[in-house]
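Q: First the structure, which I've put down as structure tokens, then a few questions once you've had a look.
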Amino acid sequence: LQHHTSGRLLKQETLRMRLFLNIILILLAIVACYLEDIYIYFWPPQPEKAVYLTIRSRRSFSFNQQEALEDNRQKALSLYVPVYRYVPPEIEASQAKFEDFSRAVTTFQDKKKNGVEGLRVQLEKDFGVELSPTDIVSIVKYRDFRNLLEGILTIEESILQNKILGDSRHLAGKSTIEIQSPNTDGTVTHSVDDLITIEKARYLVEEKVRQLFWQVDQRVLDPVLRICLTTLQPNLQYDQKINQRRLEKINREFPSGIVAYKPGDVLVPFRKILNEKDILLLTAYQAQLIAGIYHDLPWVVFTILFMVVFYNLFLAKILTNGKRSQPPVSYT
């Protein structure tokens with residue numbers, strides 16, 4: 001009876017030990033399969049922090065950089081400040097064209113020519129303004145022509161003190177720009193509110209001219225003003241080279257392609273200091289893993305159960321090496 005009781009207790013102890021070992025084996029197998037996920041769950045990746053585990057892709061994974069980085073790219077583009085060059089020669093060119101107009105008319109007046117067709121053709125060619133013979137006659141017969149031009153030139157020069165843009169397309173969503181002066185490497189930041197477009201500049205010139213010379217015959221003032229407005233040119237130019245370089249830098253930091261990873265490819269190496277792109281990569285990877293967990297789970301469960309069954313058969317058939325011998329009988 002004592003022998004039977006001891007055998008039963010030994011058998012129960014063996015079963016308990018085997019159950020304990022099976023549980024340990026299952027837990028180790030699960031940890032081995034999901035080590036990276038467990039690590040990321042308990043120690044979520046953070047910017048500027050090192051990761052103390054090599055994280056590899058367990059399955060084929062495509063990282064859509066455009067989708068993951070779009071918010072960051074748009075934020076970087078919104079913070080990007082365009083660069084313009086201040087171009088004093090444009091101011092000089094505006095004044096030179098104005099003087100060309102004055103010289104052409106005064107020369108015609110001084111020579112007292114009768115035909116106006118040559119002057120009309122010349123002005124249309126130089127300034128791109130369509131004029132009629134009546135317009136030319138009104139201009140050349142106006143006695144205070146020089147005083148009129150001097151007044152308009154003074155108004156233009158005052159308007160040219162502003163920062164004038166030829167094209168405002170690059171200012172969408174911007175509150176500031178950087179202006180680079182000639183012969184310098186530095187830039188000065190200016191508010192967009194301090195800038196005016198060439199259309200606004202011409203409007204201001206026309207408004208002030210009409211206010212100042214309201215008494216001038218409109219048949220004279222209108223064609224003269226149309227020609228003078230064409231001489232006004234922007235003094236800020238969009239720096240294509242510098243801005244292109246800055247935009248390319250943003251595109252390199254936030255690429256828009258799709259990166260394919262094969263099973264076993266390293267996503268984040270051991271002890272790498274994480275940046276924002278790494279975190280977005282891991283987040284996208286985890287999201288794709290969660291989406292495909294029902295596809296992988298049956299194979300993981302099957303593999304673990306196979307290992308447990310094999311382990312038990314190994315213990316039962318190989319380590320025991322047959323039946324246990326009966327304990328000796330004592331006759332004392």
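Every chain in the structure tokens takes a letter, A first, then B, and so on in the order presented; its residues are numbered from 1, and the ligands are numbered from 1 following the presented order.
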Under the rule of at most 9 Å, produce a per-residue listing of segment 225-284 of chain A near segment 183-206 of chain A: chain, number, name, the closest pair of atoms, and the distance in Å, as JSON lines, using only C-alpha atoms.
A:
{"residue": "A:Leu225", "atom": "CA", "partner": "A:Glu206", "partner_atom": "CA", "distance": 7.1}
{"residue": "A:Arg226", "atom": "CA", "partner": "A:Glu206", "partner_atom": "CA", "distance": 8.9}
{"residue": "A:Leu229", "atom": "CA", "partner": "A:Arg202", "partner_atom": "CA", "distance": 6.0}
{"residue": "A:Thr230", "atom": "CA", "partner": "A:Arg202", "partner_atom": "CA", "distance": 8.5}
{"residue": "A:Leu232", "atom": "CA", "partner": "A:Arg202", "partner_atom": "CA", "distance": 7.1}
{"residue": "A:Gln233", "atom": "CA", "partner": "A:Ile198", "partner_atom": "CA", "distance": 6.9}
{"residue": "A:Pro234", "atom": "CA", "partner": "A:Ile198", "partner_atom": "CA", "distance": 5.8}
Q: Using 7 Å as the limit and counting only C-alpha atoms, can you tabulate each residue of segment 56-168 of chain A that touches segment 256-261 of chain A, with its shortest atom-to-atom distance in Å and the two atoms involved, as a tab-separated table?
A:
residue	atom	partner	partner_atom	distance
A:Ser57	CA	A:Tyr261	CA	6.9
A:Ser60	CA	A:Tyr261	CA	5.7
A:Phe61	CA	A:Tyr261	CA	5.0
A:Ser62	CA	A:Ala260	CA	4.4
A:Phe63	CA	A:Val259	CA	5.1
A:Asn64	CA	A:Ile258	CA	4.6
A:Gln65	CA	A:Ser256	CA	5.0
A:Gln66	CA	A:Ser256	CA	4.0
Q: Got time to write the residues from that selection, N, CA and C atoms, as a PDB file, in the first residue's frame?
A:
ATOM      1  N   SER A  57      11.427  43.222 -39.525  1.00  0.00           N
ATOM      2  CA  SER A  57      10.115  42.954 -40.108  1.00  0.00           C
ATOM      3  C   SER A  57       9.866  41.447 -40.117  1.00  0.00           C
ATOM      4  N   SER A  60       6.415  40.631 -45.048  1.00  0.00           N
ATOM      5  CA  SER A  60       6.573  41.661 -46.080  1.00  0.00           C
ATOM      6  C   SER A  60       5.783  42.903 -45.666  1.00  0.00           C
ATOM      7  N   PHE A  61       6.451  44.036 -45.737  1.00  0.00           N
ATOM      8  CA  PHE A  61       5.861  45.276 -45.218  1.00  0.00           C
ATOM      9  C   PHE A  61       6.207  46.420 -46.147  1.00  0.00           C
ATOM     10  N   SER A  62       5.199  47.190 -46.539  1.00  0.00           N
ATOM     11  CA  SER A  62       5.399  48.355 -47.399  1.00  0.00           C
ATOM     12  C   SER A  62       5.102  49.616 -46.601  1.00  0.00           C
ATOM     13  N   PHE A  63       6.112  50.474 -46.518  1.00  0.00           N
ATOM     14  CA  PHE A  63       5.971  51.728 -45.768  1.00  0.00           C
ATOM     15  C   PHE A  63       5.648  52.852 -46.739  1.00  0.00           C
ATOM     16  N   ASN A  64       4.407  53.311 -46.710  1.00  0.00           N
ATOM     17  CA  ASN A  64       3.964  54.407 -47.568  1.00  0.00           C
ATOM     18  C   ASN A  64       4.407  55.721 -46.930  1.00  0.00           C
ATOM     19  N   GLN A  65       5.532  56.242 -47.399  1.00  0.00           N
ATOM     20  CA  GLN A  65       6.091  57.442 -46.788  1.00  0.00           C
ATOM     21  C   GLN A  65       5.207  58.663 -47.001  1.00  0.00           C
ATOM     22  N   GLN A  66       4.581  58.747 -48.164  1.00  0.00           N
ATOM     23  CA  GLN A  66       3.732  59.906 -48.431  1.00  0.00           C
ATOM     24  C   GLN A  66       2.565  59.962 -47.454  1.00  0.00           C
TER      25      GLN A  66
END
Q: Residues within 6 Å of Phe270 of chain A, please, as a PyMOL selection string. Count only C-alpha atoms; anything in the same chain fewer than 5 positions from it doesn't count.
A: chain A and resi 52-54
Q: Atoms to include: C-alpha atoms. Write the selected residues as a PDB file, in the first residue's frame.
A:
ATOM      1  CA  TYR A  52      17.732  48.594 -27.093  1.00  0.00           C
ATOM      2  CA  LEU A  53      16.529  45.921 -29.464  1.00  0.00           C
ATOM      3  CA  THR A  54      16.980  45.269 -33.158  1.00  0.00           C
TER       4      THR A  54
END
Q: Quick check, in Å to one decimal: how far apart do atom CA of Leu77 of chain A and atom CA of Asn251 of chain A lie?
A: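 These two atoms are separated by 9.5 Å.
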Q: Within 9 Å of Gln95 of chain A, counting only C-alpha atoms, which residues show up once you throw out same-chain ones fewer than 6 positions away? Write them as a list in words, please.
A: Leu153, Glu156, Glu157, Thr231 and Leu232 of chain A
Q: Keeping only N, CA, C and O atoms, write those residues as a PDB file, in the first residue's frame.
A:
ATOM      1  N   LEU A 153       6.658 110.996 -62.251  1.00  0.00           N
ATOM      2  CA  LEU A 153       7.904 110.343 -61.863  1.00  0.00           C
ATOM      3  C   LEU A 153       8.120 110.431 -60.360  1.00  0.00           C
ATOM      4  O   LEU A 153       8.566 109.459 -59.727  1.00  0.00           O
ATOM      5  N   GLU A 156       5.897 107.858 -58.787  1.00  0.00           N
ATOM      6  CA  GLU A 156       6.439 106.514 -59.004  1.00  0.00           C
ATOM      7  C   GLU A 156       7.612 106.232 -58.079  1.00  0.00           C
ATOM      8  O   GLU A 156       7.737 105.133 -57.520  1.00  0.00           O
ATOM      9  N   GLU A 157       8.497 107.199 -57.933  1.00  0.00           N
ATOM     10  CA  GLU A 157       9.664 107.008 -57.062  1.00  0.00           C
ATOM     11  C   GLU A 157       9.249 106.770 -55.623  1.00  0.00           C
ATOM     12  O   GLU A 157       9.876 105.974 -54.905  1.00  0.00           O
ATOM     13  N   THR A 231       6.067 101.468 -67.122  1.00  0.00           N
ATOM     14  CA  THR A 231       7.470 101.631 -66.724  1.00  0.00           C
ATOM     15  C   THR A 231       7.710 101.159 -65.301  1.00  0.00           C
ATOM     16  O   THR A 231       8.856 100.936 -64.909  1.00  0.00           O
ATOM     17  N   LEU A 232       6.650 101.013 -64.522  1.00  0.00           N
ATOM     18  CA  LEU A 232       6.791 100.589 -63.124  1.00  0.00           C
ATOM     19  C   LEU A 232       7.032  99.081 -63.073  1.00  0.00           C
ATOM     20  O   LEU A 232       6.202  98.299 -63.549  1.00  0.00           O
TER      21      LEU A 232
END
Q: Could you tell me which of A:Thr106, A:Gln244, A:Asn162, A:Asn22 comes closest to Asp144 of chain A if we count only C-alpha atoms?
A: A:Thr106
Q: Suppose you want the space between atom CA of Arg103 of chain A and atom CA of Arg146 of chain A; what is it in Å?
A: 9.8 Å
Q: Considering only C-alpha atoms, can you say which of A:Asn312, A:Gln46, A:Ser175, A:Ser138 comes closest to Thr283 of chain A?
A: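 Closest to Thr283 of chain A, using only C-alpha atoms: A:Gln46.
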Q: Atom CA of Ile242 of chain A to atom CA of Glu276 of chain A: how many Å, to one decimal?
A: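 Between atom CA of Ile242 of chain A and atom CA of Glu276 of chain A the gap is 26.0 Å.
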Q: Which residues, written as a list in words, have at least one atom at most 12 Å from Leu305 of chain A, with only C-alpha atoms counted and residues fewer than 5 positions away on the same chain left out?
A: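 So, after excluding close chain neighbours, the residues are Asn22, Ile23, Leu25, Ile26, Leu27, Ala29, Ile30, Pro298, Trp299, Val300, Phe310, Tyr311 and Asn312 of chain A.
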Q: Go through segment 113-298 of chain A and collect every residue that DSSP, computed from the backbone, puts in alpha helix (DSSP H); the answer should be as a PyMOL selection string.
A: chain A and resi 117-127+133-141+145-159+198-212+218-231+240-253+276-291+293-298
Q: Show me, as an MDAnalysis selection string, the residues that have an atom within 12 Å of Val105 of chain A when counting only C-alpha atoms, minus same-chain residues fewer than 5 positions from it.
A: chainID A and resid 98:100 110:113 116 118:120 122:123 136:143 145:146 149 224 227
Q: When you count only C-alpha atoms, which of these residues is closest to Lys49 of chain A: A:Arg271, A:Lys277, A:Arg252, A:Lys208?
A: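 Ranking A:Arg271, A:Lys277, A:Arg252, A:Lys208 by distance to Lys49 of chain A, first place goes to A:Arg271.
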Q: With distances taken over only C-alpha atoms, which of A:Leu247, A:Val83, A:Cys228, A:Leu171 is nearest to Ile155 of chain A?
A: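 The answer is A:Cys228, which sits nearest to Ile155 of chain A.
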Q: Report the residues of segment 124-219 of chain A whose backbone DSSP state falls under strand (DSSP E), written as a PyMOL selection string.
A: chain A and resi 163-165+176-180+187-191+195-197
Q: Write out as a PDB file with all heavy atoms, in the first residue's frame the residues lying within 12 Å of Val121 of chain A, counting only C-alpha atoms and excluding same-chain residues fewer than 6 positions away.
A:
ATOM      1  N   ALA A 104      11.338 110.741 -75.992  1.00  0.00           N
ATOM      2  CA  ALA A 104      10.728 110.539 -77.308  1.00  0.00           C
ATOM      3  C   ALA A 104       9.719 111.637 -77.621  1.00  0.00           C
ATOM      4  O   ALA A 104       9.679 112.163 -78.748  1.00  0.00           O
ATOM      5  CB  ALA A 104      10.063 109.161 -77.357  1.00  0.00           C
ATOM      6  N   GLY A 115       3.902 114.841 -88.766  1.00  0.00           N
ATOM      7  CA  GLY A 115       3.377 113.483 -88.742  1.00  0.00           C
ATOM      8  C   GLY A 115       3.557 112.825 -87.378  1.00  0.00           C
ATOM      9  O   GLY A 115       4.607 112.948 -86.754  1.00  0.00           O
ATOM     10  N   PHE A 127       6.598 100.346 -75.414  1.00  0.00           N
ATOM     11  CA  PHE A 127       5.847 100.209 -74.158  1.00  0.00           C
ATOM     12  C   PHE A 127       4.677  99.232 -74.241  1.00  0.00           C
ATOM     13  O   PHE A 127       4.062  98.941 -73.222  1.00  0.00           O
ATOM     14  CB  PHE A 127       5.331 101.591 -73.718  1.00  0.00           C
ATOM     15  CG  PHE A 127       6.424 102.585 -73.482  1.00  0.00           C
ATOM     16  CD1 PHE A 127       6.794 103.486 -74.471  1.00  0.00           C
ATOM     17  CD2 PHE A 127       7.123 102.606 -72.285  1.00  0.00           C
ATOM     18  CE1 PHE A 127       7.810 104.404 -74.266  1.00  0.00           C
ATOM     19  CE2 PHE A 127       8.148 103.521 -72.067  1.00  0.00           C
ATOM     20  CZ  PHE A 127       8.503 104.414 -73.056  1.00  0.00           C
ATOM     21  N   GLY A 128       4.400  98.748 -75.429  1.00  0.00           N
ATOM     22  CA  GLY A 128       3.333  97.760 -75.561  1.00  0.00           C
ATOM     23  C   GLY A 128       1.958  98.305 -75.279  1.00  0.00           C
ATOM     24  O   GLY A 128       1.063  97.558 -74.858  1.00  0.00           O
ATOM     25  N   VAL A 129       1.746  99.597 -75.452  1.00  0.00           N
ATOM     26  CA  VAL A 129       0.455 100.227 -75.201  1.00  0.00           C
ATOM     27  C   VAL A 129      -0.151 100.646 -76.532  1.00  0.00           C
ATOM     28  O   VAL A 129       0.500 101.317 -77.340  1.00  0.00           O
ATOM     29  CB  VAL A 129       0.609 101.457 -74.280  1.00  0.00           C
ATOM     30  CG1 VAL A 129      -0.738 102.152 -74.095  1.00  0.00           C
ATOM     31  CG2 VAL A 129       1.189 101.042 -72.939  1.00  0.00           C
ATOM     32  N   GLU A 130      -1.387 100.256 -76.755  1.00  0.00           N
ATOM     33  CA  GLU A 130      -2.056 100.604 -78.003  1.00  0.00           C
ATOM     34  C   GLU A 130      -2.534 102.060 -77.940  1.00  0.00           C
ATOM     35  O   GLU A 130      -3.285 102.440 -77.028  1.00  0.00           O
ATOM     36  CB  GLU A 130      -3.237  99.664 -78.242  1.00  0.00           C
ATOM     37  CG  GLU A 130      -3.901  99.864 -79.589  1.00  0.00           C
ATOM     38  CD  GLU A 130      -4.985  98.841 -79.861  1.00  0.00           C
ATOM     39  OE1 GLU A 130      -5.041  97.823 -79.128  1.00  0.00           O
ATOM     40  OE2 GLU A 130      -5.767  99.070 -80.811  1.00  0.00           O
ATOM     41  N   LEU A 131      -2.084 102.858 -78.889  1.00  0.00           N
ATOM     42  CA  LEU A 131      -2.413 104.287 -78.935  1.00  0.00           C
ATOM     43  C   LEU A 131      -3.024 104.635 -80.273  1.00  0.00           C
ATOM     44  O   LEU A 131      -2.685 104.044 -81.309  1.00  0.00           O
ATOM     45  CB  LEU A 131      -1.164 105.132 -78.705  1.00  0.00           C
ATOM     46  CG  LEU A 131      -0.431 104.928 -77.367  1.00  0.00           C
ATOM     47  CD1 LEU A 131       0.925 105.614 -77.401  1.00  0.00           C
ATOM     48  CD2 LEU A 131      -1.267 105.447 -76.206  1.00  0.00           C
ATOM     49  N   SER A 132      -3.899 105.604 -80.237  1.00  0.00           N
ATOM     50  CA  SER A 132      -4.508 106.097 -81.474  1.00  0.00           C
ATOM     51  C   SER A 132      -3.792 107.375 -81.908  1.00  0.00           C
ATOM     52  O   SER A 132      -3.114 108.029 -81.096  1.00  0.00           O
ATOM     53  CB  SER A 132      -5.993 106.386 -81.254  1.00  0.00           C
ATOM     54  OG  SER A 132      -6.154 107.480 -80.358  1.00  0.00           O
ATOM     55  N   PRO A 133      -3.900 107.762 -83.168  1.00  0.00           N
ATOM     56  CA  PRO A 133      -3.317 109.044 -83.599  1.00  0.00           C
ATOM     57  C   PRO A 133      -3.833 110.223 -82.781  1.00  0.00           C
ATOM     58  O   PRO A 133      -3.095 111.174 -82.510  1.00  0.00           O
ATOM     59  CB  PRO A 133      -3.740 109.136 -85.065  1.00  0.00           C
ATOM     60  CG  PRO A 133      -3.913 107.713 -85.502  1.00  0.00           C
ATOM     61  CD  PRO A 133      -4.464 107.013 -84.306  1.00  0.00           C
ATOM     62  N   ILE A 136      -1.809 110.540 -79.624  1.00  0.00           N
ATOM     63  CA  ILE A 136      -0.484 111.112 -79.855  1.00  0.00           C
ATOM     64  C   ILE A 136      -0.577 112.628 -80.050  1.00  0.00           C
ATOM     65  O   ILE A 136       0.219 113.400 -79.508  1.00  0.00           O
ATOM     66  CB  ILE A 136       0.182 110.460 -81.083  1.00  0.00           C
ATOM     67  CG1 ILE A 136       0.317 108.952 -80.860  1.00  0.00           C
ATOM     68  CG2 ILE A 136       1.557 111.073 -81.342  1.00  0.00           C
ATOM     69  CD1 ILE A 136       1.151 108.575 -79.668  1.00  0.00           C
TER      70      ILE A 136
END
